[in-house]
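*Asks:* Sharing input.cif below, mmCIF, C-alpha atoms:
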```cif
data_structure
#
loop_
_atom_site.group_PDB
_atom_site.id
_atom_site.type_symbol
_atom_site.label_atom_id
_atom_site.label_comp_id
_atom_site.auth_asym_id
_atom_site.auth_seq_id
_atom_site.Cartn_x
_atom_site.Cartn_y
_atom_site.Cartn_z
ATOM 1 C CA MET G 132 89.020 -22.837 -0.886
ATOM 2 C CA LYS G 133 90.076 -20.689 -3.827
ATOM 3 C CA LEU G 134 91.518 -17.230 -3.372
ATOM 4 C CA ASP G 135 88.814 -15.621 -5.490
ATOM 5 C CA ASN G 136 86.275 -17.032 -3.005
ATOM 6 C CA VAL G 137 88.225 -15.343 -0.205
ATOM 7 C CA ALA G 138 88.028 -12.078 -2.143
ATOM 8 C CA LYS G 139 84.241 -12.432 -2.502
ATOM 9 C CA ILE G 140 83.826 -13.135 1.213
ATOM 10 C CA LEU G 141 85.752 -10.001 2.195
ATOM 11 C CA GLN G 142 83.899 -7.883 -0.349
ATOM 12 C CA GLU G 143 80.637 -8.925 1.324
ATOM 13 C CA LYS G 144 81.745 -8.183 4.908
ATOM 14 C CA ASN G 145 81.836 -4.767 6.544
ATOM 15 C CA ASN G 146 83.185 -4.931 10.111
ATOM 16 C CA ILE G 147 86.381 -6.970 10.056
ATOM 17 C CA GLU G 148 89.012 -7.725 12.698
ATOM 18 C CA ILE G 149 92.370 -9.101 11.530
ATOM 19 C CA LEU G 150 94.412 -11.165 13.999
ATOM 20 C CA THR G 151 98.189 -11.566 14.009
ATOM 21 C CA HIS G 152 100.362 -14.162 15.714
ATOM 22 C CA HIS G 153 102.215 -13.416 18.929
ATOM 23 C CA TYR G 154 105.764 -12.052 18.826
ATOM 24 C CA PRO G 155 104.587 -10.349 15.609
ATOM 25 C CA ASP G 156 107.085 -10.310 12.745
ATOM 26 C CA GLY G 157 107.194 -8.479 9.432
ATOM 27 C CA ASP G 158 104.994 -10.981 7.614
ATOM 28 C CA THR G 159 102.067 -11.154 10.031
ATOM 29 C CA LEU G 160 102.198 -7.358 10.536
ATOM 30 C CA GLY G 161 102.658 -6.552 6.855
ATOM 31 C CA SER G 162 99.811 -8.889 5.903
ATOM 32 C CA ALA G 163 97.473 -7.505 8.546
ATOM 33 C CA TYR G 164 98.104 -3.810 7.993
ATOM 34 C CA GLY G 165 98.330 -4.131 4.208
ATOM 35 C CA LEU G 166 94.971 -5.906 4.065
ATOM 36 C CA CYS G 167 93.459 -3.547 6.638
ATOM 37 C CA LYS G 168 94.374 -0.524 4.504
ATOM 38 C CA ALA G 169 92.990 -2.176 1.385
ATOM 39 C CA LEU G 170 89.690 -2.951 3.119
ATOM 40 C CA GLN G 171 89.431 0.570 4.502
ATOM 41 C CA ASP G 172 90.143 1.972 1.040
ATOM 42 C CA ILE G 173 86.973 0.292 -0.272
ATOM 43 C CA GLY G 174 84.856 1.566 2.608
ATOM 44 C CA LYS G 175 85.063 -1.332 5.043
ATOM 45 C CA ASN G 176 85.474 -1.009 8.784
ATOM 46 C CA ALA G 177 88.659 -2.923 9.561
ATOM 47 C CA ARG G 178 91.253 -3.043 12.314
ATOM 48 C CA VAL G 179 94.284 -5.083 13.314
ATOM 49 C CA ILE G 180 94.346 -6.960 16.623
ATOM 50 C CA LEU G 181 97.919 -7.570 17.743
ATOM 51 C CA SER G 182 99.083 -10.339 20.028
ATOM 52 C CA GLY G 183 101.954 -8.823 21.957
ATOM 53 C CA LYS G 184 103.853 -5.637 21.249
ATOM 54 C CA ALA G 185 105.384 -5.091 17.832
ATOM 55 C CA ALA G 186 108.947 -3.796 17.566
ATOM 56 C CA THR G 187 109.163 -0.041 17.045
ATOM 57 C CA LYS G 188 110.919 -0.579 13.695
ATOM 58 C CA PHE G 189 107.522 -1.690 12.344
ATOM 59 C CA ASP G 190 105.695 1.501 13.359
ATOM 60 C CA TYR G 191 105.574 2.762 9.751
ATOM 61 C CA LEU G 192 103.252 -0.117 8.816
ATOM 62 C CA LYS G 193 100.422 1.698 10.605
ATOM 63 C CA ASN G 194 100.742 4.770 8.369
ATOM 64 C CA GLY G 195 97.418 5.408 6.668
ATOM 65 C CA VAL G 196 95.391 3.095 8.918
ATOM 66 C CA LYS G 197 92.258 4.812 10.196
ATOM 67 C CA GLU G 198 91.270 4.337 13.829
ATOM 68 C CA ASN G 199 87.563 3.554 13.665
ATOM 69 C CA SER G 200 85.141 2.251 16.273
ATOM 70 C CA PHE G 201 82.812 -0.604 15.370
ATOM 71 C CA THR G 202 81.430 -3.904 16.565
ATOM 72 C CA PRO G 203 83.112 -6.690 14.570
ATOM 73 C CA ASP G 204 80.978 -9.237 12.778
ATOM 74 C CA PHE G 205 83.812 -11.004 10.962
ATOM 75 C CA ILE G 206 87.097 -12.187 12.436
ATOM 76 C CA MET G 207 90.021 -13.478 10.410
ATOM 77 C CA SER G 208 93.701 -14.303 10.931
ATOM 78 C CA VAL G 209 96.809 -13.845 8.799
ATOM 79 C CA ASP G 210 100.027 -15.853 9.129
ATOM 80 C CA VAL G 211 98.728 -17.697 12.215
ATOM 81 C CA ALA G 212 99.592 -21.390 11.922
ATOM 82 C CA ALA G 213 98.222 -22.771 15.222
ATOM 83 C CA PRO G 214 95.820 -21.719 18.020
ATOM 84 C CA GLN G 215 98.624 -21.237 20.567
ATOM 85 C CA LEU G 216 100.270 -18.730 18.237
ATOM 86 C CA LEU G 217 97.429 -16.336 19.016
ATOM 87 C CA GLY G 218 99.183 -15.833 22.360
ATOM 88 C CA ASP G 219 97.136 -13.726 24.775
ATOM 89 C CA ASN G 220 94.282 -13.644 22.250
ATOM 90 C CA GLU G 221 93.872 -17.424 22.085
ATOM 91 C CA GLU G 222 91.189 -17.700 24.769
ATOM 92 C CA SER G 223 89.154 -14.803 23.376
ATOM 93 C CA TYR G 224 89.449 -15.547 19.670
ATOM 94 C CA SER G 225 90.481 -19.138 18.866
ATOM 95 C CA ASN G 226 86.887 -20.348 18.408
ATOM 96 C CA LYS G 227 85.687 -17.191 16.658
ATOM 97 C CA ILE G 228 87.966 -17.075 13.613
ATOM 98 C CA GLN G 229 85.905 -17.297 10.418
ATOM 99 C CA LEU G 230 88.709 -17.034 7.850
ATOM 100 C CA CYS G 231 92.352 -18.074 7.945
ATOM 101 C CA ILE G 232 94.984 -16.964 5.411
ATOM 102 C CA ASP G 233 98.426 -18.511 5.833
ATOM 103 C CA HIS G 234 101.462 -19.966 4.064
ATOM 104 C CA HIS G 235 102.452 -22.601 6.636
ATOM 105 C CA GLY G 236 101.826 -26.131 5.395
ATOM 106 C CA SER G 237 101.704 -27.253 9.026
ATOM 107 C CA ASN G 238 98.707 -24.999 9.767
ATOM 108 C CA SER G 239 96.531 -26.521 12.501
ATOM 109 C CA LEU G 240 94.243 -23.595 13.281
ATOM 110 C CA GLY G 241 91.223 -25.665 12.268
ATOM 111 C CA VAL G 242 89.237 -22.882 10.568
ATOM 112 C CA GLU G 243 86.707 -24.177 8.014
ATOM 113 C CA ASP G 244 87.226 -21.298 5.583
ATOM 114 C CA SER G 245 90.997 -21.345 5.113
ATOM 115 C CA TYR G 246 93.341 -20.441 2.314
ATOM 116 C CA ILE G 247 96.734 -22.081 2.883
ATOM 117 C CA ASP G 248 99.424 -21.851 0.213
ATOM 118 C CA ALA G 249 102.618 -23.549 1.385
ATOM 119 C CA THR G 250 104.358 -22.613 -1.885
ATOM 120 C CA ALA G 251 104.135 -18.912 -1.010
ATOM 121 C CA ALA G 252 107.314 -17.561 0.550
ATOM 122 C CA SER G 253 105.250 -15.267 2.773
ATOM 123 C CA THR G 254 101.641 -14.580 3.640
ATOM 124 C CA CYS G 255 102.166 -11.119 2.145
ATOM 125 C CA GLU G 256 102.522 -12.764 -1.276
ATOM 126 C CA ILE G 257 99.020 -14.180 -0.827
ATOM 127 C CA ILE G 258 97.651 -10.838 0.356
ATOM 128 C CA PHE G 259 99.110 -9.157 -2.742
ATOM 129 C CA ASP G 260 97.195 -11.565 -4.994
ATOM 130 C CA LEU G 261 94.074 -11.186 -2.845
ATOM 131 C CA ILE G 262 94.076 -7.394 -3.011
ATOM 132 C CA ASN G 263 94.390 -7.555 -6.792
ATOM 133 C CA LEU G 264 91.462 -10.004 -6.978
ATOM 134 C CA MET G 265 89.436 -7.507 -4.957
ATOM 135 C CA ASN G 266 90.293 -4.828 -7.551
ATOM 136 C CA VAL G 267 91.846 -2.596 -4.900
ATOM 137 C CA LYS G 268 94.700 -0.290 -5.874
ATOM 138 C CA VAL G 269 98.010 -1.167 -4.233
ATOM 139 C CA THR G 270 99.004 2.227 -2.852
ATOM 140 C CA LYS G 271 102.486 3.159 -1.665
ATOM 141 C CA GLU G 272 101.451 2.514 1.949
ATOM 142 C CA ILE G 273 100.043 -0.931 1.115
ATOM 143 C CA ALA G 274 103.149 -1.703 -0.948
ATOM 144 C CA ASN G 275 105.384 -0.847 2.015
ATOM 145 C CA CYS G 276 103.441 -3.281 4.192
ATOM 146 C CA LEU G 277 103.552 -6.146 1.725
ATOM 147 C CA TYR G 278 107.187 -5.599 0.751
ATOM 148 C CA THR G 279 108.104 -5.782 4.441
ATOM 149 C CA GLY G 280 106.577 -9.242 4.776
ATOM 150 C CA VAL G 281 108.039 -10.531 1.513
ATOM 151 C CA SER G 282 111.506 -9.275 2.374
ATOM 152 C CA THR G 283 111.654 -10.360 6.020
ATOM 153 C CA ASP G 284 110.235 -13.851 5.493
ATOM 154 C CA THR G 285 112.806 -14.554 2.775
ATOM 155 C CA GLY G 286 115.783 -13.065 4.626
ATOM 156 C CA CYS G 287 116.000 -10.313 2.016
ATOM 157 C CA PHE G 288 115.510 -12.950 -0.711
ATOM 158 C CA MET G 289 118.339 -15.209 0.514
ATOM 159 C CA TYR G 290 116.302 -18.099 1.983
ATOM 160 C CA THR G 291 115.413 -21.194 -0.020
ATOM 161 C CA ASN G 292 111.684 -20.368 0.159
ATOM 162 C CA THR G 293 112.299 -17.504 -2.303
ATOM 163 C CA THR G 294 110.760 -18.187 -5.710
ATOM 164 C CA ALA G 295 110.572 -16.484 -9.072
ATOM 165 C CA LYS G 296 107.099 -15.305 -8.090
ATOM 166 C CA THR G 297 108.554 -13.762 -4.932
ATOM 167 C CA HIS G 298 110.856 -11.607 -7.027
ATOM 168 C CA MET G 299 108.072 -10.690 -9.447
ATOM 169 C CA ILE G 300 105.795 -9.578 -6.607
ATOM 170 C CA ALA G 301 108.640 -7.606 -5.027
ATOM 171 C CA ALA G 302 109.229 -5.878 -8.365
ATOM 172 C CA LYS G 303 105.543 -4.980 -8.672
ATOM 173 C CA LEU G 304 105.540 -3.603 -5.110
ATOM 174 C CA ILE G 305 108.542 -1.438 -5.950
ATOM 175 C CA GLU G 306 106.645 -0.194 -9.023
ATOM 176 C CA CYS G 307 103.790 0.696 -6.664
ATOM 177 C CA GLY G 308 106.157 2.850 -4.612
ATOM 178 C CA ALA G 309 107.522 0.571 -1.882
ATOM 179 C CA ASP G 310 110.498 2.173 -0.137
ATOM 180 C CA PHE G 311 112.532 -1.011 -0.556
ATOM 181 C CA ALA G 312 115.953 0.445 0.319
ATOM 182 C CA VAL G 313 114.673 2.118 3.483
ATOM 183 C CA ILE G 314 112.773 -1.024 4.523
ATOM 184 C CA ASN G 315 115.689 -3.384 3.892
ATOM 185 C CA ARG G 316 118.077 -1.181 5.858
ATOM 186 C CA ALA G 317 115.648 -0.965 8.789
ATOM 187 C CA MET G 318 114.991 -4.706 8.776
ATOM 188 C CA PHE G 319 118.492 -6.069 8.122
ATOM 189 C CA GLU G 320 121.191 -3.485 8.777
ATOM 190 C CA THR G 321 120.157 -1.085 11.544
ATOM 191 C CA LYS G 322 120.838 -2.191 15.131
ATOM 192 C CA THR G 323 120.825 -0.419 18.474
ATOM 193 C CA LYS G 324 123.925 -0.429 20.644
ATOM 194 C CA GLN G 325 122.052 -2.641 23.118
ATOM 195 C CA LYS G 326 121.272 -5.143 20.358
ATOM 196 C CA LEU G 327 124.949 -5.312 19.387
ATOM 197 C CA ALA G 328 125.832 -5.883 23.029
ATOM 198 C CA LEU G 329 123.285 -8.701 23.163
ATOM 199 C CA GLU G 330 124.792 -10.339 20.087
ATOM 200 C CA ARG G 331 128.218 -10.221 21.737
ATOM 201 C CA MET G 332 126.789 -12.009 24.783
ATOM 202 C CA VAL G 333 125.001 -14.526 22.578
ATOM 203 C CA TYR G 334 128.206 -15.519 20.768
ATOM 204 C CA ASP G 335 129.638 -16.486 24.146
ATOM 205 C CA THR G 336 126.820 -19.031 24.566
ATOM 206 C CA LEU G 337 127.544 -20.789 21.254
ATOM 207 C CA ASP G 338 128.131 -24.547 21.455
ATOM 208 C CA TYR G 339 128.597 -27.174 18.734
ATOM 209 C CA TYR G 340 127.457 -30.804 18.651
ATOM 210 C CA TYR G 341 127.643 -33.749 16.272
ATOM 211 C CA ASP G 342 130.889 -32.738 14.564
ATOM 212 C CA GLY G 343 129.719 -29.165 14.142
ATOM 213 C CA LYS G 344 126.487 -30.016 12.361
ATOM 214 C CA LEU G 345 124.408 -28.627 15.250
ATOM 215 C CA ALA G 346 124.980 -25.157 16.714
ATOM 216 C CA ILE G 347 123.020 -23.809 19.681
ATOM 217 C CA ILE G 348 122.840 -20.313 21.173
ATOM 218 C CA TYR G 349 120.598 -18.938 23.900
ATOM 219 C CA THR G 350 119.364 -15.778 25.584
ATOM 220 C CA THR G 351 118.089 -15.444 29.143
ATOM 221 C CA LEU G 352 115.889 -12.974 30.973
ATOM 222 C CA ALA G 353 118.946 -11.939 32.961
ATOM 223 C CA MET G 354 120.745 -10.967 29.743
ATOM 224 C CA GLN G 355 117.699 -9.045 28.595
ATOM 225 C CA ASP G 356 117.385 -7.226 31.918
ATOM 226 C CA LYS G 357 121.100 -6.383 32.033
ATOM 227 C CA LEU G 358 120.887 -4.639 28.677
ATOM 228 C CA ASN G 359 117.450 -3.134 29.364
ATOM 229 C CA LEU G 360 116.075 -4.671 26.180
ATOM 230 C CA GLY G 361 112.330 -4.774 25.665
ATOM 231 C CA ASP G 362 110.667 -7.951 24.469
ATOM 232 C CA ASP G 363 110.138 -6.324 21.072
ATOM 233 C CA GLN G 364 113.914 -5.973 20.582
ATOM 234 C CA MET G 365 114.825 -9.614 21.155
ATOM 235 C CA GLU G 366 114.115 -10.929 17.652
ATOM 236 C CA GLY G 367 116.535 -11.451 14.791
ATOM 237 C CA LEU G 368 119.050 -13.791 16.437
ATOM 238 C CA ALA G 369 117.857 -17.070 14.932
ATOM 239 C CA SER G 370 119.950 -16.775 11.777
ATOM 240 C CA ILE G 371 123.262 -16.578 13.674
ATOM 241 C CA PRO G 372 123.951 -20.313 14.186
ATOM 242 C CA ARG G 373 122.795 -21.300 10.700
ATOM 243 C CA GLN G 374 125.309 -18.930 9.109
ATOM 244 C CA ILE G 375 128.262 -20.962 10.403
ATOM 245 C CA ASP G 376 130.075 -23.115 7.851
ATOM 246 C CA GLY G 377 129.233 -26.796 8.252
ATOM 247 C CA VAL G 378 126.133 -26.260 10.402
ATOM 248 C CA LYS G 379 123.061 -28.169 9.225
ATOM 249 C CA MET G 380 120.821 -27.145 12.119
ATOM 250 C CA GLY G 381 121.006 -23.934 14.134
ATOM 251 C CA ILE G 382 118.913 -23.627 17.286
ATOM 252 C CA THR G 383 118.216 -20.457 19.245
ATOM 253 C CA ILE G 384 116.805 -20.885 22.752
ATOM 254 C CA ARG G 385 115.138 -17.786 24.162
ATOM 255 C CA GLU G 386 113.883 -17.594 27.744
ATOM 256 C CA LYS G 387 110.448 -15.968 27.704
ATOM 257 C CA GLN G 388 109.549 -16.389 31.361
ATOM 258 C CA ASP G 389 110.692 -18.613 34.197
ATOM 259 C CA ASN G 390 110.955 -22.175 32.835
ATOM 260 C CA VAL G 391 109.370 -21.247 29.488
ATOM 261 C CA PHE G 392 111.580 -21.136 26.389
ATOM 262 C CA LYS G 393 110.863 -20.171 22.785
ATOM 263 C CA ILE G 394 112.827 -22.311 20.335
ATOM 264 C CA SER G 395 113.765 -21.127 16.829
ATOM 265 C CA VAL G 396 115.224 -23.713 14.454
ATOM 266 C CA ARG G 397 116.927 -22.825 11.182
ATOM 267 C CA THR G 398 118.382 -25.455 8.852
ATOM 268 C CA ASN G 399 120.525 -25.836 5.757
ATOM 269 C CA GLY G 400 120.268 -28.395 2.963
ATOM 270 C CA ASP G 401 117.765 -31.219 3.352
ATOM 271 C CA THR G 402 117.507 -31.020 7.154
ATOM 272 C CA ASP G 403 113.826 -30.469 7.994
ATOM 273 C CA ALA G 404 113.248 -27.915 10.751
ATOM 274 C CA CYS G 405 109.466 -28.402 10.662
ATOM 275 C CA GLU G 406 109.618 -32.140 11.314
ATOM 276 C CA PHE G 407 112.076 -31.520 14.129
ATOM 277 C CA CYS G 408 109.840 -28.924 15.810
ATOM 278 C CA LYS G 409 106.794 -31.174 15.511
ATOM 279 C CA LYS G 410 108.455 -33.385 18.124
ATOM 280 C CA PHE G 411 107.818 -30.550 20.578
ATOM 281 C CA GLY G 412 104.365 -29.531 19.359
ATOM 282 C CA GLY G 413 105.600 -26.816 17.014
ATOM 283 C CA GLY G 414 105.926 -26.411 13.279
ATOM 284 C CA GLY G 415 106.533 -23.972 10.463
ATOM 285 C CA HIS G 416 108.620 -24.429 7.318
ATOM 286 C CA LYS G 417 111.283 -26.899 6.253
ATOM 287 C CA ALA G 418 114.116 -24.397 6.729
ATOM 288 C CA ALA G 419 112.620 -22.284 9.529
ATOM 289 C CA SER G 420 110.374 -23.494 12.322
ATOM 290 C CA GLY G 421 109.732 -23.032 16.012
ATOM 291 C CA CYS G 422 108.219 -24.426 19.168
ATOM 292 C CA ALA G 423 108.072 -23.815 22.913
ATOM 293 C CA ILE G 424 109.452 -26.038 25.682
ATOM 294 C CA ASN G 425 109.019 -25.778 29.445
ATOM 295 C CA GLY G 426 111.829 -26.579 31.868
ATOM 296 C CA THR G 427 115.209 -25.286 32.966
ATOM 297 C CA LEU G 428 117.641 -23.958 30.381
ATOM 298 C CA GLU G 429 119.864 -27.004 30.865
ATOM 299 C CA SER G 430 117.012 -29.510 30.506
ATOM 300 C CA VAL G 431 115.549 -27.766 27.459
ATOM 301 C CA LYS G 432 118.931 -27.631 25.774
ATOM 302 C CA GLN G 433 119.555 -31.311 26.440
ATOM 303 C CA GLN G 434 116.144 -32.274 25.042
ATOM 304 C CA LEU G 435 116.987 -30.458 21.823
ATOM 305 C CA ILE G 436 120.438 -32.036 21.590
ATOM 306 C CA ASP G 437 118.980 -35.516 22.129
ATOM 307 C CA ALA G 438 116.203 -34.971 19.569
ATOM 308 C CA ALA G 439 118.728 -33.817 16.951
ATOM 309 C CA LYS G 440 120.844 -36.935 17.335
ATOM 310 C CA GLU G 441 118.836 -39.182 14.999
ATOM 311 C CA ILE G 442 118.801 -36.445 12.338
ATOM 312 C CA LEU G 443 122.434 -35.367 12.438
ATOM 313 C CA GLN G 444 124.365 -38.513 13.355
#
```
Represent the structure contained in this file as structure tokens.

*Replies:*
Amino acid sequence: MKLDNVAKILQEKNNIEILTHHYPDGDTLGSAYGLCKALQDIGKNARVILSGKAATKFDYLKNGVKENSFTPDFIMSVDVAAPQLLGDNEESYSNKIQLCIDHHGSNSLGVEDSYIDATAASTCEIIFDLINLMNVKVTKEIANCLYTGVSTDTGCFMYTNTTAKTHMIAAKLIECGADFAVINRAMFETKTKQKLALERMVYDTLDYYYDGKLAIIYTTLAMQDKLNLGDDQMEGLASIPRQIDGVKMGITIREKQDNVFKISVRTNGDTDACEFCKKFGGGGHKAASGCAINGTLESVKQQLIDAAKEILQ
């Protein structure tokens, strides 16, 4: 469907719930809260339904969101590429979503009314265009939300998904008052002492395979418990192995619960992270994708090493 049709649908609805994906990042949160504020600004009842706890560094995204009580009659999702990514909300919501907005070409949510733009570097880019089509003013608070998603999903404009349009939208958001310097420092430079200690431990797990073309790191629940790190502070490690010279595929294995591991894959050059993750029921983008695998740490790691062989050898 066309984006102007999405705008018309939302202009006709009044009681709207906006779903995010689990382990919420800057793009799903920025999209949800930015759109929620825009809808509230034109008199709609709207609220964001999180899946899992968001990191405290994202608390500012809620600024300006009104807490209102209503019975929803329209449910939509932003940046949710598959039913399982709804996390704890999957059972309650997966068959009730009436509109899906996303930028993952691998989207398998199966919603009839969907707007998927795989050329967009972030879902927040789409939301920016949508809000303008709805003739809603992009306030400073909305700009902060959307800039957060644009910046985080492009690695502060360093990833290959960044386009000329990405930069133009970022510039317009800055013109609208986005606190870009504050946001970029919070997202990319500020770390707690516990997070630095975790990174030190993670470097000790680093292993190379296939002449250094594959690098793998991991975190365990024991590491998390030792440092007293909450689940919301465990993100942001996936870029570490990809940064190493000569690495074509960097894999981060994160233990979520006993025998359940979240896999983040980041690639350089022509190596396709999305196709790799599809082998394990996941997906995402060519340079950044993910999946989940059950088993012991050793068995999960070996499965990933074996699956990478045909790509990297």

*Asks:* Can you translate the PyMOL selection byres ((chain G and resi 247) around 7) into the concrete residues it hits in this file, as a PyMOL selection string?

*Replies:* chain G and resi 232-236+245-246+248-249

*Asks:* Kindly provide the residues of stretch 151-233 of chain G that approach stretch 283-300 of chain G to within 10 Å, each paired with its closest atom pair and their distance in Å to one decimal, based on all atoms listed in the file, listed by chain and increasing number, as JSON lines.

*Replies:*
```
{"residue": "G:Asp156", "atom": "CA", "partner": "G:Thr283", "partner_atom": "CA", "distance": 8.1}
{"residue": "G:Gly157", "atom": "CA", "partner": "G:Thr283", "partner_atom": "CA", "distance": 5.9}
{"residue": "G:Asp158", "atom": "CA", "partner": "G:Asp284", "partner_atom": "CA", "distance": 6.3}
{"residue": "G:Thr159", "atom": "CA", "partner": "G:Asp284", "partner_atom": "CA", "distance": 9.7}
{"residue": "G:Gly161", "atom": "CA", "partner": "G:Thr283", "partner_atom": "CA", "distance": 9.8}
```

*Asks:* Looking at G:Gln355, G:Gly361, G:Leu435, G:Leu428, which one is nearest to G:Met380, with distances taken over only C-alpha atoms?

*Replies:*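 Among the listed residues, the smallest separation from G:Met380 belongs to G:Leu435.
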
*Asks:* For the structure shown, which residues end up in the PyMOL selection byres ((chain G and resi 165) around 8)? Put them as a ChimeraX atom specification, please?

*Replies:* /G:161-164,166-169,192,258,272-274,276-277

*Asks:* Write a file of the just-selected residues containing C-alpha atoms, as a PDB file, in the frame of the given file.

*Replies:*
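After the write, result.pdb holds the following:
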```
ATOM      1  CA  GLY G 161     102.658  -6.552   6.855  1.00  0.00           C
ATOM      2  CA  SER G 162      99.811  -8.889   5.903  1.00  0.00           C
ATOM      3  CA  ALA G 163      97.473  -7.505   8.546  1.00  0.00           C
ATOM      4  CA  TYR G 164      98.104  -3.810   7.993  1.00  0.00           C
ATOM      5  CA  LEU G 166      94.971  -5.906   4.065  1.00  0.00           C
ATOM      6  CA  CYS G 167      93.459  -3.547   6.638  1.00  0.00           C
ATOM      7  CA  LYS G 168      94.374  -0.524   4.504  1.00  0.00           C
ATOM      8  CA  ALA G 169      92.990  -2.176   1.385  1.00  0.00           C
ATOM      9  CA  LEU G 192     103.252  -0.117   8.816  1.00  0.00           C
ATOM     10  CA  ILE G 258      97.651 -10.838   0.356  1.00  0.00           C
ATOM     11  CA  GLU G 272     101.451   2.514   1.949  1.00  0.00           C
ATOM     12  CA  ILE G 273     100.043  -0.931   1.115  1.00  0.00           C
ATOM     13  CA  ALA G 274     103.149  -1.703  -0.948  1.00  0.00           C
ATOM     14  CA  CYS G 276     103.441  -3.281   4.192  1.00  0.00           C
ATOM     15  CA  LEU G 277     103.552  -6.146   1.725  1.00  0.00           C
TER      16      LEU G 277
END
```

*Asks:* Write out as a list of chain:residue names which residues come within 8 Å of G:Tyr340 when counting only C-alpha atoms, dropping same-chain ones fewer than 5 positions away.

*Replies:*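 Counting only C-alpha atoms, the residues come to G:Leu345, G:Ala346, G:Ile436.
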
*Asks:* Give as a PyMOL selection string the set of residues within 12 Å of the point (122.0, -10.9, 27.8), where distances use the file's coordinates and all atoms listed in the file.

*Replies:* chain G and resi 325-336+348-361+364-365+385-386

*Asks:* I need the chosen residues saved as a short mmCIF file (atom, residue, chain, number, x, y, z; two decimals), in the frame of the given file, with C-alpha atoms.

*Replies:*
```cif
data_model
loop_
_atom_site.label_atom_id
_atom_site.label_comp_id
_atom_site.auth_asym_id
_atom_site.auth_seq_id
_atom_site.Cartn_x
_atom_site.Cartn_y
_atom_site.Cartn_z
CA GLN G 325 122.05 -2.64 23.12
CA LYS G 326 121.27 -5.14 20.36
CA LEU G 327 124.95 -5.31 19.39
CA ALA G 328 125.83 -5.88 23.03
CA LEU G 329 123.28 -8.70 23.16
CA GLU G 330 124.79 -10.34 20.09
CA ARG G 331 128.22 -10.22 21.74
CA MET G 332 126.79 -12.01 24.78
CA VAL G 333 125.00 -14.53 22.58
CA TYR G 334 128.21 -15.52 20.77
CA ASP G 335 129.64 -16.49 24.15
CA THR G 336 126.82 -19.03 24.57
CA ILE G 348 122.84 -20.31 21.17
CA TYR G 349 120.60 -18.94 23.90
CA THR G 350 119.36 -15.78 25.58
CA THR G 351 118.09 -15.44 29.14
CA LEU G 352 115.89 -12.97 30.97
CA ALA G 353 118.95 -11.94 32.96
CA MET G 354 120.74 -10.97 29.74
CA GLN G 355 117.70 -9.04 28.60
CA ASP G 356 117.38 -7.23 31.92
CA LYS G 357 121.10 -6.38 32.03
CA LEU G 358 120.89 -4.64 28.68
CA ASN G 359 117.45 -3.13 29.36
CA LEU G 360 116.08 -4.67 26.18
CA GLY G 361 112.33 -4.77 25.66
CA GLN G 364 113.91 -5.97 20.58
CA MET G 365 114.82 -9.61 21.16
CA ARG G 385 115.14 -17.79 24.16
CA GLU G 386 113.88 -17.59 27.74
#
```

*Asks:* Tell me which of G:Asn263, G:Gln444, G:Gln215, G:Thr402 sits closest to G:Asp135, counting only C-alpha atoms.

*Replies:*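 Smallest distance to G:Asp135 is found for G:Asn263.
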
*Asks:* Using atom CA of G:Ala177 and atom CA of G:Asn226 as the two end points, give the distance in Å to one decimal.

*Replies:*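 Taking atom CA of G:Ala177 and atom CA of G:Asn226, their separation equals 19.6 Å.
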
*Asks:* Taking into account all atoms listed in the file, which residue in the set G:Gly381, G:Val313, G:Ser253, G:Phe259 is nearest to G:Leu337?

*Replies:*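 Selected residue with least distance to G:Leu337: G:Gly381.
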
*Asks:* Smallest atom-to-atom distance to G:Arg316: which of G:Thr279, G:Lys409, G:Ser430, G:Ser208, using only C-alpha atoms?

*Replies:*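 Between G:Thr279, G:Lys409, G:Ser430, G:Ser208, the residue approaching G:Arg316 most closely is G:Thr279.
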
*Asks:* Which distance in Å separates atom CA of G:Ser223 and atom CA of G:Thr202, to one decimal?

*Replies:* 15.0 Å

*Asks:* Would you write out, as a list in words, every residue that the PyMOL selection byres ((chain G and resi 237-241) around 7) captures in this file?

*Replies:* Ala212, Ala213, Pro214, His235, Gly236, Val242, Glu243, Gly414 and Gly415 of chain G

*Asks:* For G:Lys387, which residue among G:Phe201, G:Ala369, G:Gly426, G:Ser420 is the nearest when counting only C-alpha atoms?

*Replies:*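 Distance minimum relative to G:Lys387 lands on G:Gly426.
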
*Asks:* Find the spatial neighbours of G:Asp362, counting all atoms listed in the file, within a cut-off of 9 Å - ignore same-chain residues fewer than 4 positions away - and output them as a list in words.

*Replies:*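 Listed by chain and then number, they are Tyr154, Lys184, Ala185, Ala186, Gln355, Glu366 and Lys387 of chain G.
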
*Asks:* Could you jot down the atom CA of G:Glu429 to atom CA of G:Lys417 separation for me, Å, one decimal place?

*Replies:*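 Going from atom CA of G:Glu429 over to atom CA of G:Lys417 covers 26.1 Å.
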